[in-house]
$ cat run_25.cif   # mmCIF, C-alpha atoms
data_protein
loop_
_atom_site.label_atom_id
_atom_site.label_comp_id
_atom_site.auth_asym_id
_atom_site.auth_seq_id
_atom_site.Cartn_x
_atom_site.Cartn_y
_atom_site.Cartn_z
CA MET G 1 -94.09 -87.06 35.04
CA GLU G 2 -90.90 -88.24 33.36
CA GLU G 3 -92.07 -91.87 33.61
CA ALA G 4 -95.34 -90.96 31.88
CA ARG G 5 -93.38 -89.20 29.12
CA LYS G 6 -91.18 -92.28 28.63
CA ALA G 7 -94.18 -94.61 28.52
CA LEU G 8 -95.97 -92.45 25.94
CA ALA G 9 -92.79 -92.07 23.87
CA ALA G 10 -92.41 -95.86 23.83
CA VAL G 11 -95.93 -96.20 22.39
CA ASN G 12 -95.41 -93.49 19.77
CA PRO G 13 -91.84 -92.18 19.43
CA GLU G 14 -92.86 -89.66 16.74
CA VAL G 15 -94.95 -87.60 19.16
CA GLN G 16 -93.11 -84.82 20.92
CA ILE G 17 -93.97 -84.75 24.61
CA VAL G 18 -92.94 -81.71 26.64
CA PRO G 19 -93.68 -82.25 30.34
CA LEU G 20 -94.17 -79.07 32.36
CA ALA G 21 -93.67 -79.27 36.10
CA GLN G 22 -94.64 -75.70 36.88
CA ARG G 23 -97.62 -73.38 36.80
CA VAL G 24 -97.75 -71.66 33.42
CA ALA G 25 -98.69 -67.99 33.24
CA GLY G 26 -98.06 -64.77 31.35
CA SER G 27 -95.90 -64.92 28.25
CA ASP G 28 -95.29 -68.66 28.77
CA VAL G 29 -98.94 -69.34 27.87
CA ASP G 30 -98.54 -67.42 24.62
CA ARG G 31 -95.25 -69.17 23.77
CA LEU G 32 -96.56 -72.66 24.50
CA VAL G 33 -99.82 -72.18 22.59
CA ALA G 34 -97.93 -70.79 19.60
CA ALA G 35 -95.86 -73.99 19.46
CA ALA G 36 -98.85 -76.37 19.85
CA ASP G 37 -100.98 -77.95 17.16
CA VAL G 38 -104.01 -78.36 19.45
CA VAL G 39 -104.59 -77.08 23.00
CA LEU G 40 -106.56 -79.06 25.58
CA ASP G 41 -107.93 -77.03 28.47
CA CYS G 42 -108.30 -79.27 31.52
CA SER G 43 -108.08 -76.46 34.07
CA ASP G 44 -110.49 -75.71 36.88
CA ASN G 45 -110.60 -71.92 36.86
CA PHE G 46 -111.79 -69.18 34.54
CA ALA G 47 -108.55 -67.16 34.64
CA THR G 48 -106.61 -70.05 33.09
CA ARG G 49 -109.38 -70.87 30.63
CA HIS G 50 -109.53 -67.27 29.44
CA ALA G 51 -105.74 -66.99 29.17
CA LEU G 52 -105.63 -70.14 27.02
CA ASN G 53 -108.53 -68.89 24.91
CA ARG G 54 -106.86 -65.51 24.25
CA ALA G 55 -103.65 -67.24 23.17
CA CYS G 56 -105.55 -69.72 20.97
CA VAL G 57 -107.47 -66.89 19.30
CA LYS G 58 -104.24 -64.94 18.76
CA HIS G 59 -102.45 -67.93 17.20
CA ARG G 60 -105.54 -69.45 15.57
CA LYS G 61 -105.11 -72.78 17.34
CA PRO G 62 -107.92 -75.25 18.04
CA LEU G 63 -108.93 -75.37 21.71
CA VAL G 64 -110.61 -78.46 23.18
CA SER G 65 -112.23 -77.42 26.45
CA GLY G 66 -113.47 -79.84 29.07
CA ALA G 67 -114.91 -79.20 32.51
CA ALA G 68 -116.56 -81.17 35.28
CA ILE G 69 -118.14 -80.30 38.59
CA ARG G 70 -120.18 -82.61 40.82
CA PHE G 71 -122.11 -84.83 38.33
CA ASP G 72 -122.09 -82.36 35.41
CA GLY G 73 -119.62 -82.12 32.56
CA GLN G 74 -119.03 -79.98 29.49
CA LEU G 75 -117.05 -80.46 26.32
CA MET G 76 -116.57 -78.02 23.46
CA VAL G 77 -114.19 -77.69 20.53
CA PHE G 78 -113.32 -74.12 19.57
CA ASP G 79 -111.69 -74.40 16.13
CA LEU G 80 -110.14 -70.95 16.01
CA ARG G 81 -108.65 -71.57 12.58
CA ASP G 82 -112.16 -70.77 11.31
CA PRO G 83 -112.83 -67.00 11.52
CA LEU G 84 -116.57 -67.71 11.92
CA ALA G 85 -116.08 -70.03 14.91
CA PRO G 86 -116.94 -68.89 18.43
CA CYS G 87 -114.25 -68.72 21.09
CA TYR G 88 -114.51 -69.57 24.80
CA ALA G 89 -115.26 -65.91 25.62
CA CYS G 90 -118.27 -65.97 23.26
CA LEU G 91 -119.76 -68.58 25.59
CA PHE G 92 -118.36 -67.28 28.91
CA PRO G 93 -117.40 -63.60 28.52
CA GLU G 94 -114.39 -62.53 30.57
CA GLU G 95 -116.31 -59.65 32.09
CA GLY G 96 -119.36 -61.83 32.72
CA GLU G 97 -120.92 -62.47 36.09
CA VAL G 98 -119.93 -66.12 36.43
CA GLU G 99 -119.65 -67.69 39.85
CA GLU G 100 -116.29 -69.42 40.20
CA VAL G 101 -116.91 -72.94 41.46
CA ARG G 102 -114.02 -75.34 41.86
CA CYS G 103 -113.87 -79.08 42.17
CA SER G 104 -111.82 -78.72 45.35
CA THR G 105 -114.78 -77.10 47.13
CA MET G 106 -117.79 -78.49 45.23
CA GLY G 107 -116.52 -82.00 44.51
CA VAL G 108 -116.54 -83.94 41.28
CA LEU G 109 -117.34 -87.51 40.32
CA ALA G 110 -113.89 -88.89 39.49
CA PRO G 111 -114.98 -91.17 36.63
CA LEU G 112 -116.63 -88.15 34.99
CA THR G 113 -113.27 -86.36 34.75
CA GLY G 114 -111.83 -89.47 33.10
CA ALA G 115 -114.71 -89.60 30.62
CA ILE G 116 -114.35 -85.89 29.76
CA GLY G 117 -110.58 -86.31 29.40
CA ALA G 118 -111.09 -89.27 27.05
CA MET G 119 -113.56 -87.24 24.99
CA GLN G 120 -111.07 -84.35 24.82
CA ALA G 121 -108.34 -86.73 23.69
CA LEU G 122 -110.66 -88.16 21.02
CA GLU G 123 -111.44 -84.69 19.66
CA ALA G 124 -107.75 -83.71 19.70
CA VAL G 125 -106.80 -86.84 17.74
CA LYS G 126 -109.56 -86.15 15.21
CA LEU G 127 -108.33 -82.57 14.78
CA LEU G 128 -104.70 -83.66 14.38
CA ALA G 129 -105.54 -86.48 11.96
CA GLY G 130 -108.17 -84.52 10.04
CA ALA G 131 -110.50 -87.46 10.58
CA GLY G 132 -114.18 -87.57 11.36
CA GLU G 133 -116.43 -84.70 12.31
CA THR G 134 -115.47 -82.45 15.18
CA PRO G 135 -118.47 -80.89 16.97
CA ARG G 136 -117.35 -77.32 16.29
CA GLY G 137 -119.53 -74.62 17.77
CA GLN G 138 -121.40 -77.20 19.81
CA LEU G 139 -121.37 -77.36 23.60
CA THR G 140 -121.93 -80.91 24.82
CA LEU G 141 -123.44 -81.14 28.30
CA ILE G 142 -123.01 -84.39 30.18
CA ASP G 143 -125.29 -85.39 33.06
CA ALA G 144 -123.52 -88.26 34.82
CA LYS G 145 -126.53 -88.97 37.05
CA THR G 146 -128.71 -89.89 34.07
CA SER G 147 -125.96 -90.68 31.54
CA GLU G 148 -127.58 -88.20 29.17
CA LEU G 149 -125.76 -86.03 26.67
CA ARG G 150 -127.27 -82.83 25.33
CA SER G 151 -125.82 -80.47 22.74
CA VAL G 152 -126.31 -76.74 22.45
CA ARG G 153 -125.23 -74.73 19.40
CA VAL G 154 -122.98 -71.77 20.26
CA LYS G 155 -122.55 -68.96 17.76
CA LYS G 156 -119.77 -66.44 17.48
CA ASP G 157 -120.59 -63.28 19.43
CA PRO G 158 -120.07 -60.35 17.02
CA ALA G 159 -119.32 -58.16 20.06
CA CYS G 160 -116.90 -60.62 21.72
CA ALA G 161 -114.05 -58.73 23.36
CA VAL G 162 -111.60 -61.49 22.40
CA CYS G 163 -112.40 -62.76 18.90
CA ALA G 164 -114.66 -60.16 17.27
CA VAL G 165 -113.26 -58.73 14.08
CA PRO G 166 -112.93 -54.97 14.48
CA THR G 167 -115.01 -53.05 11.98
CA SER G 168 -113.70 -49.94 10.32
CA SER G 169 -115.89 -46.89 10.92
#
$ encode --input "run_25.cif" --output "structure tokens"
Amino acid sequence: MEEARKALAAVNPEVQIVPLAQRVAGSDVDRLVAAADVVLDCSDNFATRHALNRACVKHRKPLVSGAAIRFDGQLMVFDLRDPLAPCYACLFPEEGEVEEVRCSTMGVLAPLTGAIGAMQALEAVKLLAGAGETPRGQLTLIDAKTSELRSVRVKKDPACAVCAVPTSS
């Protein structure tokens, strides 16, 4: 990990790289997200994804989420600086009945994870540079078997337990 940090620092010494060699949980998630400009979720479980989402909503940080399983991939940018933007829980509610499937048991096409990671990096750079159009509120579905991309618009859930604005009664 240290060698990767050195190599990246040699390419761009103005970027701060903080390698983490431990599992991050609890208040560490909140602290790290608060210090970040953009968060990339490359995890393979809903507990981590939801923890990152809650922290990003709390600190109004953009979240670039990528996932892959077997031959299927997903990419979505949640720009939580925009109060009208959906969050991860609008798409996959925390209390929802979602079957947890992991790459370790279901398998994943390795080049697909690289492609999703590259797409996440592209979106993060665009967010940081303020360049181009970021597909906010748009879930991109990738079918690696057919090389087809499909986009689905995702709207903010007014009843979302994580990002809904409480109404005064």
$ residues_around --input "run_25.cif" --residues "segment 154-166 of chain G" --least-positions-apart "2" --cutoff "9 Å" --atoms "all atoms listed in the file" --output "list in words"
Asn53, Arg54, Val57, Lys58, Leu80, Pro83, Leu84, Ala85, Pro86, Cys87, Tyr88, Ala89, Cys90, Leu91, Pro93, Glu94, Arg136, Gly137, Gln138, Leu139, Val152 and Ser168 of chain G
$ atom_distance --input "run_25.cif" --atom1 "atom CA of Leu122 of chain G" --atom2 "atom CA of Ala67 of chain G"
15.2 Å
$ resolve_selection --input "run_25.cif" --expression "the PyMOL selection byres ((chain G and resi 112-121) around 9)" --output "number ranges by chain"
G: 40-42, 64-77, 108-111, 122-126, 142, 144
$ write_last_selection --input "run_25.cif" --atoms "C-alpha atoms" --output "PDB file, in the frame of the given file"
ATOM      1  CA  LEU G  40    -106.560 -79.060  25.580  1.00  0.00           C
ATOM      2  CA  ASP G  41    -107.930 -77.030  28.470  1.00  0.00           C
ATOM      3  CA  CYS G  42    -108.300 -79.270  31.520  1.00  0.00           C
ATOM      4  CA  VAL G  64    -110.610 -78.460  23.180  1.00  0.00           C
ATOM      5  CA  SER G  65    -112.230 -77.420  26.450  1.00  0.00           C
ATOM      6  CA  GLY G  66    -113.470 -79.840  29.070  1.00  0.00           C
ATOM      7  CA  ALA G  67    -114.910 -79.200  32.510  1.00  0.00           C
ATOM      8  CA  ALA G  68    -116.560 -81.170  35.280  1.00  0.00           C
ATOM      9  CA  ILE G  69    -118.140 -80.300  38.590  1.00  0.00           C
ATOM     10  CA  ARG G  70    -120.180 -82.610  40.820  1.00  0.00           C
ATOM     11  CA  PHE G  71    -122.110 -84.830  38.330  1.00  0.00           C
ATOM     12  CA  ASP G  72    -122.090 -82.360  35.410  1.00  0.00           C
ATOM     13  CA  GLY G  73    -119.620 -82.120  32.560  1.00  0.00           C
ATOM     14  CA  GLN G  74    -119.030 -79.980  29.490  1.00  0.00           C
ATOM     15  CA  LEU G  75    -117.050 -80.460  26.320  1.00  0.00           C
ATOM     16  CA  MET G  76    -116.570 -78.020  23.460  1.00  0.00           C
ATOM     17  CA  VAL G  77    -114.190 -77.690  20.530  1.00  0.00           C
ATOM     18  CA  VAL G 108    -116.540 -83.940  41.280  1.00  0.00           C
ATOM     19  CA  LEU G 109    -117.340 -87.510  40.320  1.00  0.00           C
ATOM     20  CA  ALA G 110    -113.890 -88.890  39.490  1.00  0.00           C
ATOM     21  CA  PRO G 111    -114.980 -91.170  36.630  1.00  0.00           C
ATOM     22  CA  LEU G 122    -110.660 -88.160  21.020  1.00  0.00           C
ATOM     23  CA  GLU G 123    -111.440 -84.690  19.660  1.00  0.00           C
ATOM     24  CA  ALA G 124    -107.750 -83.710  19.700  1.00  0.00           C
ATOM     25  CA  VAL G 125    -106.800 -86.840  17.740  1.00  0.00           C
ATOM     26  CA  LYS G 126    -109.560 -86.150  15.210  1.00  0.00           C
ATOM     27  CA  ILE G 142    -123.010 -84.390  30.180  1.00  0.00           C
ATOM     28  CA  ALA G 144    -123.520 -88.260  34.820  1.00  0.00           C
TER      29      ALA G 144
END
$ residues_around --input "run_25.cif" --residues "segment 25-27 of chain G" --least-positions-apart "5" --cutoff "9 Å" --atoms "all atoms listed in the file" --output "JSON, numbers by chain"
{"G": [32, 48, 51]}
$ closest_residue --input "run_25.cif" --among "G:Glu14, G:Asp30, G:Glu148, G:Asp37" --to "Leu128 of chain G" --atoms "only C-alpha atoms"
G:Asp37
$ residues_around --input "run_25.cif" --residues "Gln22 of chain G" --least-positions-apart "5" --cutoff "12 Å" --atoms "all atoms listed in the file" --output "number ranges by chain"
G: 1, 28-29
$ closest_residue --input "run_25.cif" --among "G:Pro19, G:Asp143, G:Pro135, G:Ala36" --to "Ala55 of chain G" --atoms "all atoms listed in the file"
G:Ala36
$ build_atoms --input "run_25.cif" --residues "segment 4-23 of chain G" --atoms "N, CA and C atoms" --output "PDB file, keeping the file's coordinate frame"
ATOM      1  N   ALA G   4     -94.197 -91.032  32.804  1.00  0.00           N
ATOM      2  CA  ALA G   4     -95.340 -90.960  31.880  1.00  0.00           C
ATOM      3  C   ALA G   4     -94.849 -90.578  30.481  1.00  0.00           C
ATOM      4  N   ARG G   5     -93.930 -89.609  30.415  1.00  0.00           N
ATOM      5  CA  ARG G   5     -93.380 -89.200  29.120  1.00  0.00           C
ATOM      6  C   ARG G   5     -92.677 -90.368  28.438  1.00  0.00           C
ATOM      7  N   LYS G   6     -91.889 -91.125  29.195  1.00  0.00           N
ATOM      8  CA  LYS G   6     -91.180 -92.280  28.630  1.00  0.00           C
ATOM      9  C   LYS G   6     -92.148 -93.340  28.126  1.00  0.00           C
ATOM     10  N   ALA G   7     -93.198 -93.599  28.914  1.00  0.00           N
ATOM     11  CA  ALA G   7     -94.180 -94.610  28.520  1.00  0.00           C
ATOM     12  C   ALA G   7     -94.900 -94.188  27.241  1.00  0.00           C
ATOM     13  N   LEU G   8     -95.294 -92.938  27.144  1.00  0.00           N
ATOM     14  CA  LEU G   8     -95.970 -92.450  25.940  1.00  0.00           C
ATOM     15  C   LEU G   8     -95.032 -92.443  24.740  1.00  0.00           C
ATOM     16  N   ALA G   9     -93.771 -92.074  24.960  1.00  0.00           N
ATOM     17  CA  ALA G   9     -92.790 -92.070  23.870  1.00  0.00           C
ATOM     18  C   ALA G   9     -92.534 -93.482  23.365  1.00  0.00           C
ATOM     19  N   ALA G  10     -92.601 -94.475  24.255  1.00  0.00           N
ATOM     20  CA  ALA G  10     -92.410 -95.860  23.830  1.00  0.00           C
ATOM     21  C   ALA G  10     -93.557 -96.320  22.946  1.00  0.00           C
ATOM     22  N   VAL G  11     -94.758 -95.837  23.200  1.00  0.00           N
ATOM     23  CA  VAL G  11     -95.930 -96.200  22.390  1.00  0.00           C
ATOM     24  C   VAL G  11     -95.864 -95.522  21.032  1.00  0.00           C
ATOM     25  N   ASN G  12     -95.483 -94.240  21.017  1.00  0.00           N
ATOM     26  CA  ASN G  12     -95.410 -93.490  19.770  1.00  0.00           C
ATOM     27  C   ASN G  12     -94.222 -92.546  19.811  1.00  0.00           C
ATOM     28  N   PRO G  13     -93.061 -92.998  19.347  1.00  0.00           N
ATOM     29  CA  PRO G  13     -91.840 -92.180  19.430  1.00  0.00           C
ATOM     30  C   PRO G  13     -91.851 -90.941  18.539  1.00  0.00           C
ATOM     31  N   GLU G  14     -92.820 -90.823  17.625  1.00  0.00           N
ATOM     32  CA  GLU G  14     -92.860 -89.660  16.740  1.00  0.00           C
ATOM     33  C   GLU G  14     -93.600 -88.470  17.351  1.00  0.00           C
ATOM     34  N   VAL G  15     -94.234 -88.685  18.491  1.00  0.00           N
ATOM     35  CA  VAL G  15     -94.950 -87.600  19.160  1.00  0.00           C
ATOM     36  C   VAL G  15     -93.999 -86.902  20.116  1.00  0.00           C
ATOM     37  N   GLN G  16     -93.953 -85.593  20.020  1.00  0.00           N
ATOM     38  CA  GLN G  16     -93.110 -84.820  20.920  1.00  0.00           C
ATOM     39  C   GLN G  16     -93.889 -84.525  22.191  1.00  0.00           C
ATOM     40  N   ILE G  17     -93.336 -84.950  23.317  1.00  0.00           N
ATOM     41  CA  ILE G  17     -93.970 -84.750  24.610  1.00  0.00           C
ATOM     42  C   ILE G  17     -93.096 -83.827  25.434  1.00  0.00           C
ATOM     43  N   VAL G  18     -93.679 -82.703  25.860  1.00  0.00           N
ATOM     44  CA  VAL G  18     -92.940 -81.710  26.640  1.00  0.00           C
ATOM     45  C   VAL G  18     -93.603 -81.611  28.010  1.00  0.00           C
ATOM     46  N   PRO G  19     -93.076 -82.336  29.008  1.00  0.00           N
ATOM     47  CA  PRO G  19     -93.680 -82.250  30.340  1.00  0.00           C
ATOM     48  C   PRO G  19     -93.360 -80.909  30.998  1.00  0.00           C
ATOM     49  N   LEU G  20     -94.350 -80.335  31.649  1.00  0.00           N
ATOM     50  CA  LEU G  20     -94.170 -79.070  32.360  1.00  0.00           C
ATOM     51  C   LEU G  20     -94.467 -79.300  33.831  1.00  0.00           C
ATOM     52  N   ALA G  21     -93.503 -79.041  34.672  1.00  0.00           N
ATOM     53  CA  ALA G  21     -93.670 -79.270  36.100  1.00  0.00           C
ATOM     54  C   ALA G  21     -93.809 -77.959  36.859  1.00  0.00           C
ATOM     55  N   GLN G  22     -94.429 -76.985  36.213  1.00  0.00           N
ATOM     56  CA  GLN G  22     -94.640 -75.700  36.880  1.00  0.00           C
ATOM     57  C   GLN G  22     -95.940 -75.083  36.409  1.00  0.00           C
ATOM     58  N   ARG G  23     -96.416 -74.127  37.195  1.00  0.00           N
ATOM     59  CA  ARG G  23     -97.620 -73.380  36.800  1.00  0.00           C
ATOM     60  C   ARG G  23     -97.220 -72.469  35.637  1.00  0.00           C
TER      61      ARG G  23
END
